[in-house]
Amino acid sequence: MNKTIRNTSVFVLLLVLALLGRATWVQAYEARALADDQKNRRNTIAQYAQPLGNIVVAGSPVTGSERSGGGTDLEYRRTYTDGELYAAVTGYSSQAYGATQLEGIYADVLDGTDDRLKNPLDAVTRKQQEPGTVLTTIDPAVQKAAYRALGNKKGAAVAVDPASGRILALASTPSYDPSRISGTNDGAAWQELTGDEDKPLVNRALRQPLPPGSTFKLVVAAAALEDGLYRSVDTATESPDPYTLPHTRTVLRNENASAPCENATIRTALRYSCNNVFGKMAADLGQDKVRAMAEKFGFNDAGLDVPVRAYASVYPSGMDPAQTALSGIGQFDVTATPLQMAMVSAAIANDGLLAAPHMVSEVVDSDGDPLASFEDGDTRRIVSSATAGQLRSAMVTVVEEGTGTNAAVAGAEVGGKTGTAQHGENNSKTPYAWFTSYAKDPSTGKQVAVAVMIEDSGAARSEVSGNGLAAPVAQKMMAAALK
């Protein structure tokens, strides 16, 4: 054979082998990465090629699908029933802006591309199957009570079943209708929502930790009782009034100057929300003991999934004694979400056991067969049964005789704690109003734990209080849950 022809043949053979090798590499190793690339338009086309599966509340879907209409290769778009009411639960599924909350977490199930929906042959051919369904734990009556009671206030509310951990309500206001941004031509609505200074797209119930104010005193009281600093909620504390922060000349004042806060018991201190008692208590315990108790309740947990990831509530470290004292009244750098404060009340209501909070009970395929289930009552011990019982007793005093009277529910045992948290440098802005509570119906055994945060109600500064703004919201939620 001619040497030139032979060399050319070898060269061509090498090129063919290289081409085959590259094709094999792409198909065998890079196919999944290319298929999952966010810039791959085929994924979006596949996602909206058929009606999406639904997110269900109490047996009824709160989502749907409709044909997109002309001008797009995306055949279906998402629709929502009572979109503003359930936006904090569902999130949105947008052809242009992606998906959030449950819509985002379970996107593969809802569009039928999850491998668990396929039989072995379909998994190989990547055939798209009928979509699955997400079943939530939300109670529509409690959800409606929360949303309506919040009204035009900027805030959030959470209700949890203390025994099971089921989230019964998750509301954030101002809200938005996810249907407005579910298509490809909703740029004006998107700009309006993202440019709104009230941030309606923010889920305040899970993702906006703010100073919890005096609601955090429950955590400090739990730490003091568990540590043995005080024997019971009716033991007199060593709490001068006025109380000067350690190593400073700064006096920690009480909201009610005439309240009997000097050396007050924990019960009295919770009833009147005595800052001097809990500031000194935190300083006496030290930041490490307070932080340990806070972390038992869930603070500093960066991996709290319900299954939507909640932002971490924070109890800080590296504080000096004065800062530790301020942390004892839920100030300095302490922050919490409404979910976190609902967890505090839930653990106290559940005899010291905290059930893992969750708002999805089950994910099923088109035939109703389970793909994933979430157990109720996955609990861990936070405080002893004795400590929980004492705290419940003191919280009942707050509602019956103290600062939380607006939370009372006829015929039910209700315990709570108010909070008014400073906002802005030198408390220059309108404070945040908080309320956390639990309620039990002795005749039915039903129970619920609640937390409400009012970021801004439009009320005058002098009218802002946990009892005045947040407790009435909690009351309506608890009443709805116990029906």
# chains A, B, ... in the order shown; residues from 1 in each chain; ligands from 1
>>> residues_around(residues="Gly377 (chain A)", least_positions_apart="2", cutoff="10 Å", atoms="only C-alpha atoms", output="number ranges by chain")
A: 161-166, 353-357, 374-375, 379-380
>>> select_by_dssp(residues="region 332-430 of chain A", states="strand (DSSP E)", output="list in words")
Leu353, Leu354, Ala355, Val360, Ser361, Glu362, Val363, Val364, Pro370, Leu371, Ala372, Ser373, Thr379, Arg380, Arg381, Glu413, Val414, Gly415, Gly416, Lys417, Thr418, Gly419, Thr420, Ala421, Gln422, His423, Lys429 and Thr430 of chain A
>>> write_last_selection(atoms="C-alpha atoms", output="PDB file, in the first residue's frame")
ATOM      1  CA  LEU A 353     -41.234  17.505  73.890  1.00  0.00           C
ATOM      2  CA  LEU A 354     -40.712  19.293  70.573  1.00  0.00           C
ATOM      3  CA  ALA A 355     -42.234  17.552  67.549  1.00  0.00           C
ATOM      4  CA  VAL A 360     -46.266  18.237  54.015  1.00  0.00           C
ATOM      5  CA  SER A 361     -47.797  14.961  55.137  1.00  0.00           C
ATOM      6  CA  GLU A 362     -47.288  12.922  51.969  1.00  0.00           C
ATOM      7  CA  VAL A 363     -46.199  13.051  48.337  1.00  0.00           C
ATOM      8  CA  VAL A 364     -48.052  10.611  46.070  1.00  0.00           C
ATOM      9  CA  PRO A 370     -46.900   7.246  48.338  1.00  0.00           C
ATOM     10  CA  LEU A 371     -43.542   8.479  47.085  1.00  0.00           C
ATOM     11  CA  ALA A 372     -42.600  10.042  50.421  1.00  0.00           C
ATOM     12  CA  SER A 373     -44.288  10.276  53.820  1.00  0.00           C
ATOM     13  CA  THR A 379     -40.021  14.404  68.960  1.00  0.00           C
ATOM     14  CA  ARG A 380     -37.031  15.324  71.097  1.00  0.00           C
ATOM     15  CA  ARG A 381     -36.920  16.300  74.759  1.00  0.00           C
ATOM     16  CA  GLU A 413     -56.824  26.649  78.568  1.00  0.00           C
ATOM     17  CA  VAL A 414     -54.756  29.386  76.952  1.00  0.00           C
ATOM     18  CA  GLY A 415     -51.224  30.390  77.899  1.00  0.00           C
ATOM     19  CA  GLY A 416     -49.137  33.017  76.165  1.00  0.00           C
ATOM     20  CA  LYS A 417     -46.411  35.621  76.228  1.00  0.00           C
ATOM     21  CA  THR A 418     -46.400  39.073  74.701  1.00  0.00           C
ATOM     22  CA  GLY A 419     -43.420  40.846  73.211  1.00  0.00           C
ATOM     23  CA  THR A 420     -42.635  44.342  71.964  1.00  0.00           C
ATOM     24  CA  ALA A 421     -39.214  44.405  70.319  1.00  0.00           C
ATOM     25  CA  GLN A 422     -37.169  47.505  69.733  1.00  0.00           C
ATOM     26  CA  HIS A 423     -36.578  48.503  66.126  1.00  0.00           C
ATOM     27  CA  LYS A 429     -38.520  53.131  64.572  1.00  0.00           C
ATOM     28  CA  THR A 430     -41.894  51.565  65.277  1.00  0.00           C
TER      29      THR A 430
END
>>> closest_residue(among="A:Thr215, A:Thr100, A:Ala171, A:Ser94", to="Ala189 (chain A)", atoms="only C-alpha atoms")
A:Ser94
>>> residues_around(residues="Gly411 (chain A)", least_positions_apart="6", cutoff="9 Å", atoms="only C-alpha atoms", output="ChimeraX atom specification")
/A:441-443
>>> atom_distance(atom1="CA of Gly91 (chain A)", atom2="CA of Ser179 (chain A)")
10.4 Å
>>> residues_around(residues="Gln191 (chain A)", least_positions_apart="4", cutoff="12 Å", atoms="only C-alpha atoms", output="JSON list (two decimals) with all heavy atoms, in the first residue's frame")
[["chain", "number", "residue", "atom", "x", "y", "z"],
["A", 97, "TYR", "N", -39.83, 32.97, 35.77],
["A", 97, "TYR", "CA", -39.03, 33.31, 36.94],
["A", 97, "TYR", "C", -38.75, 32.11, 37.86],
["A", 97, "TYR", "O", -38.23, 32.29, 38.97],
["A", 97, "TYR", "CB", -39.71, 34.43, 37.73],
["A", 97, "TYR", "CG", -40.02, 35.63, 36.88],
["A", 97, "TYR", "CD1", -41.33, 35.97, 36.55],
["A", 97, "TYR", "CD2", -38.99, 36.41, 36.34],
["A", 97, "TYR", "CE1", -41.61, 37.06, 35.74],
["A", 97, "TYR", "CE2", -39.26, 37.50, 35.52],
["A", 97, "TYR", "CZ", -40.57, 37.82, 35.23],
["A", 97, "TYR", "OH", -40.85, 38.89, 34.41],
["A", 180, "ARG", "N", -50.42, 35.78, 38.99],
["A", 180, "ARG", "CA", -50.04, 36.99, 38.26],
["A", 180, "ARG", "C", -48.67, 36.86, 37.59],
["A", 180, "ARG", "O", -48.37, 37.61, 36.65],
["A", 180, "ARG", "CB", -50.01, 38.19, 39.21],
["A", 180, "ARG", "CG", -51.34, 38.59, 39.79],
["A", 180, "ARG", "CD", -51.19, 39.83, 40.64],
["A", 180, "ARG", "NE", -50.69, 40.96, 39.86],
["A", 180, "ARG", "CZ", -50.06, 42.00, 40.37],
["A", 180, "ARG", "NH1", -49.80, 42.06, 41.68],
["A", 180, "ARG", "NH2", -49.64, 42.99, 39.59],
["A", 181, "ILE", "N", -47.84, 35.94, 38.08],
["A", 181, "ILE", "CA", -46.48, 35.82, 37.53],
["A", 181, "ILE", "C", -46.19, 34.41, 37.02],
["A", 181, "ILE", "O", -45.03, 34.01, 36.91],
["A", 181, "ILE", "CB", -45.42, 36.23, 38.58],
["A", 181, "ILE", "CG1", -45.61, 35.44, 39.88],
["A", 181, "ILE", "CG2", -45.48, 37.73, 38.83],
["A", 181, "ILE", "CD1", -44.51, 35.66, 40.90],
["A", 185, "ASN", "N", -45.29, 36.37, 30.06],
["A", 185, "ASN", "CA", -45.45, 37.79, 29.72],
["A", 185, "ASN", "C", -45.95, 38.59, 30.92],
["A", 185, "ASN", "O", -46.82, 39.45, 30.78],
["A", 185, "ASN", "CB", -46.44, 37.93, 28.54],
["A", 185, "ASN", "CG", -45.95, 37.21, 27.30],
["A", 185, "ASN", "OD1", -44.83, 37.42, 26.85],
["A", 185, "ASN", "ND2", -46.80, 36.35, 26.75],
["A", 186, "ASP", "N", -45.40, 38.30, 32.07],
["A", 186, "ASP", "CA", -45.86, 38.94, 33.30],
["A", 186, "ASP", "C", -44.81, 39.88, 33.87],
["A", 186, "ASP", "O", -44.70, 40.05, 35.09],
["A", 186, "ASP", "CB", -46.23, 37.87, 34.33],
["A", 186, "ASP", "CG", -47.34, 36.95, 33.85],
["A", 186, "ASP", "OD1", -48.24, 37.44, 33.15],
["A", 186, "ASP", "OD2", -47.29, 35.75, 34.16],
["A", 187, "GLY", "N", -44.03, 40.48, 33.00],
["A", 187, "GLY", "CA", -42.93, 41.34, 33.45],
["A", 187, "GLY", "C", -43.40, 42.52, 34.28],
["A", 187, "GLY", "O", -42.75, 42.88, 35.28],
["A", 195, "GLY", "N", -40.41, 45.36, 43.24],
["A", 195, "GLY", "CA", -40.12, 46.75, 43.58],
["A", 195, "GLY", "C", -40.91, 47.28, 44.76],
["A", 195, "GLY", "O", -40.67, 48.39, 45.23],
["A", 196, "ASP", "N", -41.85, 46.49, 45.26],
["A", 196, "ASP", "CA", -42.69, 46.91, 46.37],
["A", 196, "ASP", "C", -41.86, 46.95, 47.65],
["A", 196, "ASP", "O", -41.26, 45.95, 48.06],
["A", 196, "ASP", "CB", -43.86, 45.93, 46.52],
["A", 196, "ASP", "CG", -44.92, 46.41, 47.50],
["A", 196, "ASP", "OD1", -44.58, 47.17, 48.44],
["A", 196, "ASP", "OD2", -46.09, 46.03, 47.34],
["A", 197, "GLU", "N", -41.83, 48.09, 48.33],
["A", 197, "GLU", "CA", -41.02, 48.25, 49.53],
["A", 197, "GLU", "C", -41.52, 47.36, 50.69],
["A", 197, "GLU", "O", -40.78, 47.09, 51.63],
["A", 197, "GLU", "CB", -40.98, 49.70, 49.98],
["A", 197, "GLU", "CG", -42.32, 50.28, 50.36],
["A", 197, "GLU", "CD", -42.23, 51.74, 50.79],
["A", 197, "GLU", "OE1", -41.16, 52.35, 50.59],
["A", 197, "GLU", "OE2", -43.24, 52.25, 51.32],
["A", 199, "LYS", "N", -42.25, 44.24, 50.30],
["A", 199, "LYS", "CA", -41.69, 42.92, 49.98],
["A", 199, "LYS", "C", -42.72, 41.79, 50.13],
["A", 199, "LYS", "O", -42.56, 40.88, 50.97],
["A", 199, "LYS", "CB", -40.47, 42.65, 50.88],
["A", 199, "LYS", "CG", -39.36, 43.67, 50.69],
["A", 199, "LYS", "CD", -38.18, 43.37, 51.60],
["A", 199, "LYS", "CE", -37.07, 44.39, 51.40],
["A", 199, "LYS", "NZ", -35.90, 44.13, 52.28],
["A", 200, "PRO", "N", -43.75, 41.79, 49.31],
["A", 200, "PRO", "CA", -44.76, 40.73, 49.42],
["A", 200, "PRO", "C", -44.24, 39.34, 49.06],
["A", 200, "PRO", "O", -44.83, 38.34, 49.48],
["A", 200, "PRO", "CB", -45.85, 41.18, 48.42],
["A", 200, "PRO", "CG", -45.15, 42.11, 47.48],
["A", 200, "PRO", "CD", -44.11, 42.80, 48.30],
["A", 201, "LEU", "N", -43.15, 39.25, 48.31],
["A", 201, "LEU", "CA", -42.60, 37.94, 47.95],
["A", 201, "LEU", "C", -41.82, 37.29, 49.09],
["A", 201, "LEU", "O", -41.51, 36.10, 49.03],
["A", 201, "LEU", "CB", -41.69, 38.07, 46.72],
["A", 201, "LEU", "CG", -42.36, 38.47, 45.40],
["A", 201, "LEU", "CD1", -41.32, 38.62, 44.30],
["A", 201, "LEU", "CD2", -43.41, 37.45, 44.99]]
